[in-house]
$ cat model.pdb   # PDB, C-alpha atoms
ATOM      1  CA  MET A 157       9.823   6.999 -18.316
ATOM      2  CA  LYS A 158      10.550   5.531 -14.901
ATOM      3  CA  SER A 159       7.854   3.612 -13.104
ATOM      4  CA  ALA A 160       7.598   1.984  -9.694
ATOM      5  CA  ILE A 161       5.339  -0.447  -7.936
ATOM      6  CA  CYS A 162       4.025   0.167  -4.438
ATOM      7  CA  PRO A 163       2.696  -3.174  -3.191
ATOM      8  CA  GLY A 164       0.595  -3.910  -0.163
ATOM      9  CA  THR A 165      -2.396  -5.649   1.298
ATOM     10  CA  PHE A 166      -4.058  -2.288   2.019
ATOM     11  CA  ASP A 167      -6.694  -3.755   4.360
ATOM     12  CA  PRO A 168      -7.769  -0.934   4.197
ATOM     13  CA  ILE A 169      -5.556   1.691   2.605
ATOM     14  CA  THR A 170      -4.579   4.327   5.187
ATOM     15  CA  LEU A 171      -3.380   7.917   5.116
ATOM     16  CA  GLY A 172       0.105   6.520   5.745
ATOM     17  CA  HIS A 173      -0.118   4.350   2.616
ATOM     18  CA  GLU A 174      -1.505   7.279   0.670
ATOM     19  CA  SER A 175       1.358   9.522   1.758
ATOM     20  CA  VAL A 176       3.986   7.008   0.626
ATOM     21  CA  VAL A 177       2.320   6.524  -2.775
ATOM     22  CA  ARG A 178       1.895  10.251  -3.394
ATOM     23  CA  ARG A 179       5.504  10.921  -2.419
ATOM     24  CA  ALA A 180       6.623   8.123  -4.758
ATOM     25  CA  ALA A 181       4.561   9.727  -7.538
ATOM     26  CA  LYS A 182       6.808  12.788  -7.221
ATOM     27  CA  LEU A 183       9.847  10.593  -7.934
ATOM     28  CA  PHE A 184       8.478   8.339 -10.686
ATOM     29  CA  ASP A 185       6.440   8.995 -13.816
ATOM     30  CA  THR A 186       4.020   6.169 -13.014
ATOM     31  CA  VAL A 187       3.350   4.415  -9.728
ATOM     32  CA  TYR A 188       1.452   1.138  -9.729
ATOM     33  CA  VAL A 189      -0.402   0.543  -6.476
ATOM     34  CA  ALA A 190      -0.506  -3.245  -6.369
ATOM     35  CA  VAL A 191      -3.285  -4.480  -4.102
ATOM     36  CA  LEU A 192      -2.179  -7.968  -3.190
ATOM     37  CA  ASP A 193      -3.164 -10.883  -1.028
ATOM     38  CA  ASN A 194      -0.743 -12.158   1.585
ATOM     39  CA  ILE A 195      -0.991 -15.813   2.574
ATOM     40  CA  ASP A 196       0.017 -14.853   6.119
ATOM     41  CA  LYS A 197      -2.830 -12.353   6.509
ATOM     42  CA  LYS A 198      -6.580 -12.867   6.691
ATOM     43  CA  THR A 199      -8.131  -9.746   5.231
ATOM     44  CA  VAL A 200     -11.348  -8.101   6.395
ATOM     45  CA  PHE A 201     -11.994  -6.431   3.037
ATOM     46  CA  THR A 202     -12.196  -8.378  -0.207
ATOM     47  CA  THR A 203      -9.633  -7.791  -2.932
ATOM     48  CA  GLU A 204     -12.326  -6.022  -4.956
ATOM     49  CA  GLU A 205     -13.137  -3.681  -2.055
ATOM     50  CA  ARG A 206      -9.466  -2.907  -1.442
ATOM     51  CA  VAL A 207      -8.925  -2.140  -5.135
ATOM     52  CA  LEU A 208     -12.016   0.091  -5.189
ATOM     53  CA  PHE A 209     -10.810   1.981  -2.089
ATOM     54  CA  ALA A 210      -7.404   2.588  -3.657
ATOM     55  CA  LYS A 211      -8.993   3.741  -6.907
ATOM     56  CA  LYS A 212     -11.172   6.216  -5.000
ATOM     57  CA  VAL A 213      -8.198   7.542  -3.016
ATOM     58  CA  PHE A 214      -6.044   8.081  -6.123
ATOM     59  CA  ALA A 215      -8.788   9.066  -8.580
ATOM     60  CA  ASP A 216      -7.302  12.561  -8.807
ATOM     61  CA  ASP A 217      -3.882  11.406 -10.080
ATOM     62  CA  GLU A 218      -3.614   9.859 -13.542
ATOM     63  CA  ASN A 219       0.005   8.821 -12.891
ATOM     64  CA  ILE A 220      -1.065   6.455 -10.115
ATOM     65  CA  LYS A 221      -2.508   3.189 -11.420
ATOM     66  CA  VAL A 222      -4.249   0.666  -9.156
ATOM     67  CA  ILE A 223      -3.742  -2.975 -10.086
ATOM     68  CA  THR A 224      -3.947  -6.410  -8.510
ATOM     69  CA  SER A 225      -2.198  -9.707  -9.096
ATOM     70  CA  ASN A 226      -2.195 -13.252  -7.750
ATOM     71  CA  GLY A 227       1.414 -14.173  -8.486
ATOM     72  CA  LEU A 228       4.813 -13.330  -7.105
ATOM     73  CA  LEU A 229       5.467  -9.649  -6.631
ATOM     74  CA  ALA A 230       8.900  -9.938  -8.251
ATOM     75  CA  ASP A 231       7.324 -11.437 -11.377
ATOM     76  CA  LEU A 232       4.729  -8.666 -11.498
ATOM     77  CA  ALA A 233       7.447  -6.024 -11.177
ATOM     78  CA  VAL A 234       9.399  -7.598 -14.046
ATOM     79  CA  ASP A 235       6.254  -7.898 -16.203
ATOM     80  CA  LEU A 236       5.483  -4.208 -15.632
ATOM     81  CA  GLY A 237       9.092  -3.230 -16.307
ATOM     82  CA  VAL A 238       9.290  -1.034 -13.207
ATOM     83  CA  ALA A 239      12.531   0.558 -12.083
ATOM     84  CA  ALA A 240      11.839  -0.078  -8.402
ATOM     85  CA  MET A 241       9.525  -1.213  -5.677
ATOM     86  CA  VAL A 242       8.527   1.439  -3.168
ATOM     87  CA  LYS A 243       8.009   0.459   0.450
ATOM     88  CA  GLY A 244       6.904   2.643   3.320
ATOM     89  CA  VAL A 245       8.621   2.167   6.657
ATOM     90  CA  ARG A 246       7.378   3.491  10.000
ATOM     91  CA  ASP A 247      10.146   2.243  12.264
ATOM     92  CA  THR A 248      13.143  -0.073  12.498
ATOM     93  CA  GLN A 249      10.897  -3.135  12.731
ATOM     94  CA  ASP A 250       9.276  -2.244   9.410
ATOM     95  CA  PHE A 251      12.712  -1.615   7.902
ATOM     96  CA  GLU A 252      14.073  -5.006   8.996
ATOM     97  CA  TYR A 253      10.995  -6.784   7.631
ATOM     98  CA  GLU A 254      11.067  -4.871   4.342
ATOM     99  CA  TYR A 255      14.833  -5.270   3.962
ATOM    100  CA  ASN A 256      14.447  -9.063   4.115
ATOM    101  CA  LEU A 257      11.744  -8.832   1.448
ATOM    102  CA  PHE A 258      14.105  -6.714  -0.667
ATOM    103  CA  LEU A 259      16.712  -9.496  -0.471
ATOM    104  CA  ILE A 260      14.145 -12.114  -1.497
ATOM    105  CA  ASN A 261      12.717 -10.043  -4.348
ATOM    106  CA  ASN A 262      16.197  -9.137  -5.573
ATOM    107  CA  ALA A 263      17.111 -12.842  -5.625
ATOM    108  CA  LEU A 264      13.983 -13.554  -7.685
ATOM    109  CA  ALA A 265      14.441 -10.567 -10.018
ATOM    110  CA  GLU A 266      18.074  -9.532 -10.081
ATOM    111  CA  GLY A 267      18.463  -5.790 -10.388
ATOM    112  CA  LEU A 268      15.013  -4.999  -9.005
ATOM    113  CA  GLU A 269      15.627  -2.095  -6.649
ATOM    114  CA  THR A 270      13.648  -1.132  -3.565
ATOM    115  CA  VAL A 271      13.148   2.446  -2.426
ATOM    116  CA  PHE A 272      12.245   2.945   1.222
ATOM    117  CA  ILE A 273      10.133   5.989   2.062
ATOM    118  CA  PRO A 274       9.916   6.733   5.767
ATOM    119  CA  SER A 275       6.642   7.768   7.342
ATOM    120  CA  TYR A 276       6.226  11.309   8.551
ATOM    121  CA  ALA A 277       6.289  11.480  12.356
ATOM    122  CA  GLU A 278       2.572  12.244  12.573
ATOM    123  CA  GLN A 279       1.745   9.064  10.631
ATOM    124  CA  THR A 280       3.995   6.505  12.317
ATOM    125  CA  PHE A 281       1.151   5.234  14.490
ATOM    126  CA  ILE A 282      -1.211   4.638  11.564
ATOM    127  CA  SER A 283      -1.726   1.050  10.488
ATOM    128  CA  SER A 284      -4.469  -0.944   8.824
ATOM    129  CA  THR A 285      -4.752  -2.951  12.030
ATOM    130  CA  ALA A 286      -5.418   0.223  14.036
ATOM    131  CA  VAL A 287      -8.016   1.321  11.476
ATOM    132  CA  ARG A 288      -9.806  -2.029  11.716
ATOM    133  CA  ASP A 289      -9.746  -1.958  15.525
ATOM    134  CA  ILE A 290     -10.971   1.641  15.821
ATOM    135  CA  GLY A 291     -13.572   1.217  13.088
ATOM    136  CA  SER A 292     -14.991  -1.982  14.565
ATOM    137  CA  TYR A 293     -15.882  -0.013  17.714
ATOM    138  CA  GLY A 294     -17.410   2.829  15.722
ATOM    139  CA  GLY A 295     -14.475   5.179  16.314
ATOM    140  CA  ASP A 296     -13.718   8.224  14.185
ATOM    141  CA  LEU A 297     -11.416   7.307  11.297
ATOM    142  CA  LYS A 298     -10.808  10.788   9.850
ATOM    143  CA  LYS A 299      -7.190  10.855  11.087
ATOM    144  CA  PHE A 300      -6.532   7.436   9.574
ATOM    145  CA  VAL A 301      -8.170   7.074   6.139
ATOM    146  CA  ASN A 302      -8.983   9.298   3.175
ATOM    147  CA  PRO A 303     -12.415  11.018   3.336
ATOM    148  CA  ALA A 304     -13.367   9.371   0.021
ATOM    149  CA  ILE A 305     -13.527   5.961   1.710
ATOM    150  CA  ILE A 306     -14.380   6.672   5.358
ATOM    151  CA  CYS A 307     -18.071   5.827   4.993
ATOM    152  CA  ASP A 308     -17.423   2.567   3.140
ATOM    153  CA  VAL A 309     -14.706   1.457   5.561
ATOM    154  CA  SER A 310     -16.691   2.436   8.666
ATOM    155  CA  LYS A 311     -19.858   0.735   7.423
ATOM    156  CA  LYS A 312     -18.143  -2.608   6.859
ATOM    157  CA  LEU A 313     -16.147  -2.512  10.082
ATOM    158  CA  LYS A 314     -19.195  -1.746  12.252
ATOM    159  CA  LYS A 315     -20.930  -4.951  11.113
TER     160      LYS A 315
END

$ encode --input "model.pdb" --output "structure tokens"
Amino acid sequence: MKSAICPGTFDPITLGHESVVRRAAKLFDTVYVAVLDNIDKKTVFTTEERVLFAKKVFADDENIKVITSNGLLADLAVDLGVAAMVKGVRDTQDFEYEYNLFLINNALAEGLETVFIPSYAEQTFISSTAVRDIGSYGGDLKKFVNPAIICDVSKKLKK
């Protein structure tokens, strides 16, 4: 059994994130969606809300497990015994950023591989930042987030 971890802040989880995770689930027996905090980011949604959103989005797939952790991602990956980390990339900027993280994580957990899954063209513009901006002005989020969480995301962002 091969498993992978798909880490992110997911503030909130978008259709782009969902696409990457579902595509990874076709390659691995189990995919752990790791909802994490990033010391460089101030989140709008609490960790509990972000975990709940991810669980709602992936409720239909028993091979996708939503988890959270407070430690180093490399340590979590080793503890879970995953074969790889899966990272979505929208453009060359994302790739450069994620490649540097690959080097760091590989230094911390030698042999930990990273699989990059590129965004589909129609999703390259989707980001959590865009969702937060559009939602805070009451904009329609149906092209950005899963229908299972639109109401919850919209409600919080409109406040």

$ closest_residue --input "model.pdb" --among "A:Pro163, A:Gly244, A:Gly172, A:Gly227" --to "A:Val287" --atoms "all atoms listed in the file"
A:Gly172

$ residues_around --input "model.pdb" --residues "A:Val200" --least-positions-apart "6" --cutoff "10 Å" --atoms "all atoms listed in the file" --output "PyMOL selection string"
chain A and resi 167-168+206+288+312-313

$ closest_residue --input "model.pdb" --among "A:Gly267, A:Asp217, A:Lys212, A:Thr202" --to "A:Ala230" --atoms "only C-alpha atoms"
A:Gly267

$ residues_around --input "model.pdb" --residues "A:Pro274" --least-positions-apart "2" --cutoff "8 Å" --atoms "only C-alpha atoms" --output "ChimeraX atom specification"
/A:176,244-247,272,276

$ atom_distance --input "model.pdb" --atom1 "atom CA of A:Ile169" --atom2 "atom CA of A:Lys243"
13.8 Å

$ resolve_selection --input "model.pdb" --expression "the PyMOL selection byres ((chain A and resi 307) around 12)" --output "list in words"
Phe209, Gly291, Gly294, Gly295, Asp296, Leu297, Lys298, Val301, Asn302, Pro303, Ala304, Ile305, Ile306, Asp308, Val309, Ser310, Lys311, Lys312, Leu313 and Lys314 of chain A

$ resolve_selection --input "model.pdb" --expression "the PyMOL selection byres ((chain A and resi 185) around 6)" --output "PDB file with C-alpha atoms, keeping the file's coordinate frame"
ATOM      1  CA  MET A 157       9.823   6.999 -18.316  1.00  0.00           C
ATOM      2  CA  LYS A 158      10.550   5.531 -14.901  1.00  0.00           C
ATOM      3  CA  SER A 159       7.854   3.612 -13.104  1.00  0.00           C
ATOM      4  CA  PHE A 184       8.478   8.339 -10.686  1.00  0.00           C
ATOM      5  CA  THR A 186       4.020   6.169 -13.014  1.00  0.00           C
TER       6      THR A 186
END

$ closest_residue --input "model.pdb" --among "A:Lys315, A:Arg178, A:Lys221, A:His173" --to "A:Ile282" --atoms "all atoms listed in the file"
A:His173

$ closest_residue --input "model.pdb" --among "A:Val222, A:Lys182, A:Thr285, A:Ala277" --to "A:Lys198" --atoms "only C-alpha atoms"
A:Thr285

$ atom_distance --input "model.pdb" --atom1 "atom CA of A:Met241" --atom2 "atom CA of A:Thr270"
4.6 Å

$ closest_residue --input "model.pdb" --among "A:Gln279, A:Gln249, A:Thr165, A:Thr199" --to "A:Leu229" --atoms "all atoms listed in the file"
A:Thr165

$ resolve_selection --input "model.pdb" --expression "the PyMOL selection byres ((chain A and resi 268) around 12)" --output "PyMOL selection string"
chain A and resi 159-161+229-242+257-267+269-271

$ write_last_selection --input "model.pdb" --atoms "C-alpha atoms" --output "PDB file, in the frame of the given file"
ATOM      1  CA  SER A 159       7.854   3.612 -13.104  1.00  0.00           C
ATOM      2  CA  ALA A 160       7.598   1.984  -9.694  1.00  0.00           C
ATOM      3  CA  ILE A 161       5.339  -0.447  -7.936  1.00  0.00           C
ATOM      4  CA  LEU A 229       5.467  -9.649  -6.631  1.00  0.00           C
ATOM      5  CA  ALA A 230       8.900  -9.938  -8.251  1.00  0.00           C
ATOM      6  CA  ASP A 231       7.324 -11.437 -11.377  1.00  0.00           C
ATOM      7  CA  LEU A 232       4.729  -8.666 -11.498  1.00  0.00           C
ATOM      8  CA  ALA A 233       7.447  -6.024 -11.177  1.00  0.00           C
ATOM      9  CA  VAL A 234       9.399  -7.598 -14.046  1.00  0.00           C
ATOM     10  CA  ASP A 235       6.254  -7.898 -16.203  1.00  0.00           C
ATOM     11  CA  LEU A 236       5.483  -4.208 -15.632  1.00  0.00           C
ATOM     12  CA  GLY A 237       9.092  -3.230 -16.307  1.00  0.00           C
ATOM     13  CA  VAL A 238       9.290  -1.034 -13.207  1.00  0.00           C
ATOM     14  CA  ALA A 239      12.531   0.558 -12.083  1.00  0.00           C
ATOM     15  CA  ALA A 240      11.839  -0.078  -8.402  1.00  0.00           C
ATOM     16  CA  MET A 241       9.525  -1.213  -5.677  1.00  0.00           C
ATOM     17  CA  VAL A 242       8.527   1.439  -3.168  1.00  0.00           C
ATOM     18  CA  LEU A 257      11.744  -8.832   1.448  1.00  0.00           C
ATOM     19  CA  PHE A 258      14.105  -6.714  -0.667  1.00  0.00           C
ATOM     20  CA  LEU A 259      16.712  -9.496  -0.471  1.00  0.00           C
ATOM     21  CA  ILE A 260      14.145 -12.114  -1.497  1.00  0.00           C
ATOM     22  CA  ASN A 261      12.717 -10.043  -4.348  1.00  0.00           C
ATOM     23  CA  ASN A 262      16.197  -9.137  -5.573  1.00  0.00           C
ATOM     24  CA  ALA A 263      17.111 -12.842  -5.625  1.00  0.00           C
ATOM     25  CA  LEU A 264      13.983 -13.554  -7.685  1.00  0.00           C
ATOM     26  CA  ALA A 265      14.441 -10.567 -10.018  1.00  0.00           C
ATOM     27  CA  GLU A 266      18.074  -9.532 -10.081  1.00  0.00           C
ATOM     28  CA  GLY A 267      18.463  -5.790 -10.388  1.00  0.00           C
ATOM     29  CA  GLU A 269      15.627  -2.095  -6.649  1.00  0.00           C
ATOM     30  CA  THR A 270      13.648  -1.132  -3.565  1.00  0.00           C
ATOM     31  CA  VAL A 271      13.148   2.446  -2.426  1.00  0.00           C
TER      32      VAL A 271
END

$ closest_residue --input "model.pdb" --among "A:Ile223, A:Asn256, A:Phe166, A:Phe214" --to "A:Lys197" --atoms "only C-alpha atoms"
A:Phe166

$ atom_distance --input "model.pdb" --atom1 "atom CA of A:Asp216" --atom2 "atom CA of A:Glu278"
23.6 Å

$ residues_around --input "model.pdb" --residues "A:Thr224" --least-positions-apart "2" --cutoff "7 Å" --atoms "all atoms listed in the file" --output "PyMOL selection string"
chain A and resi 190-192
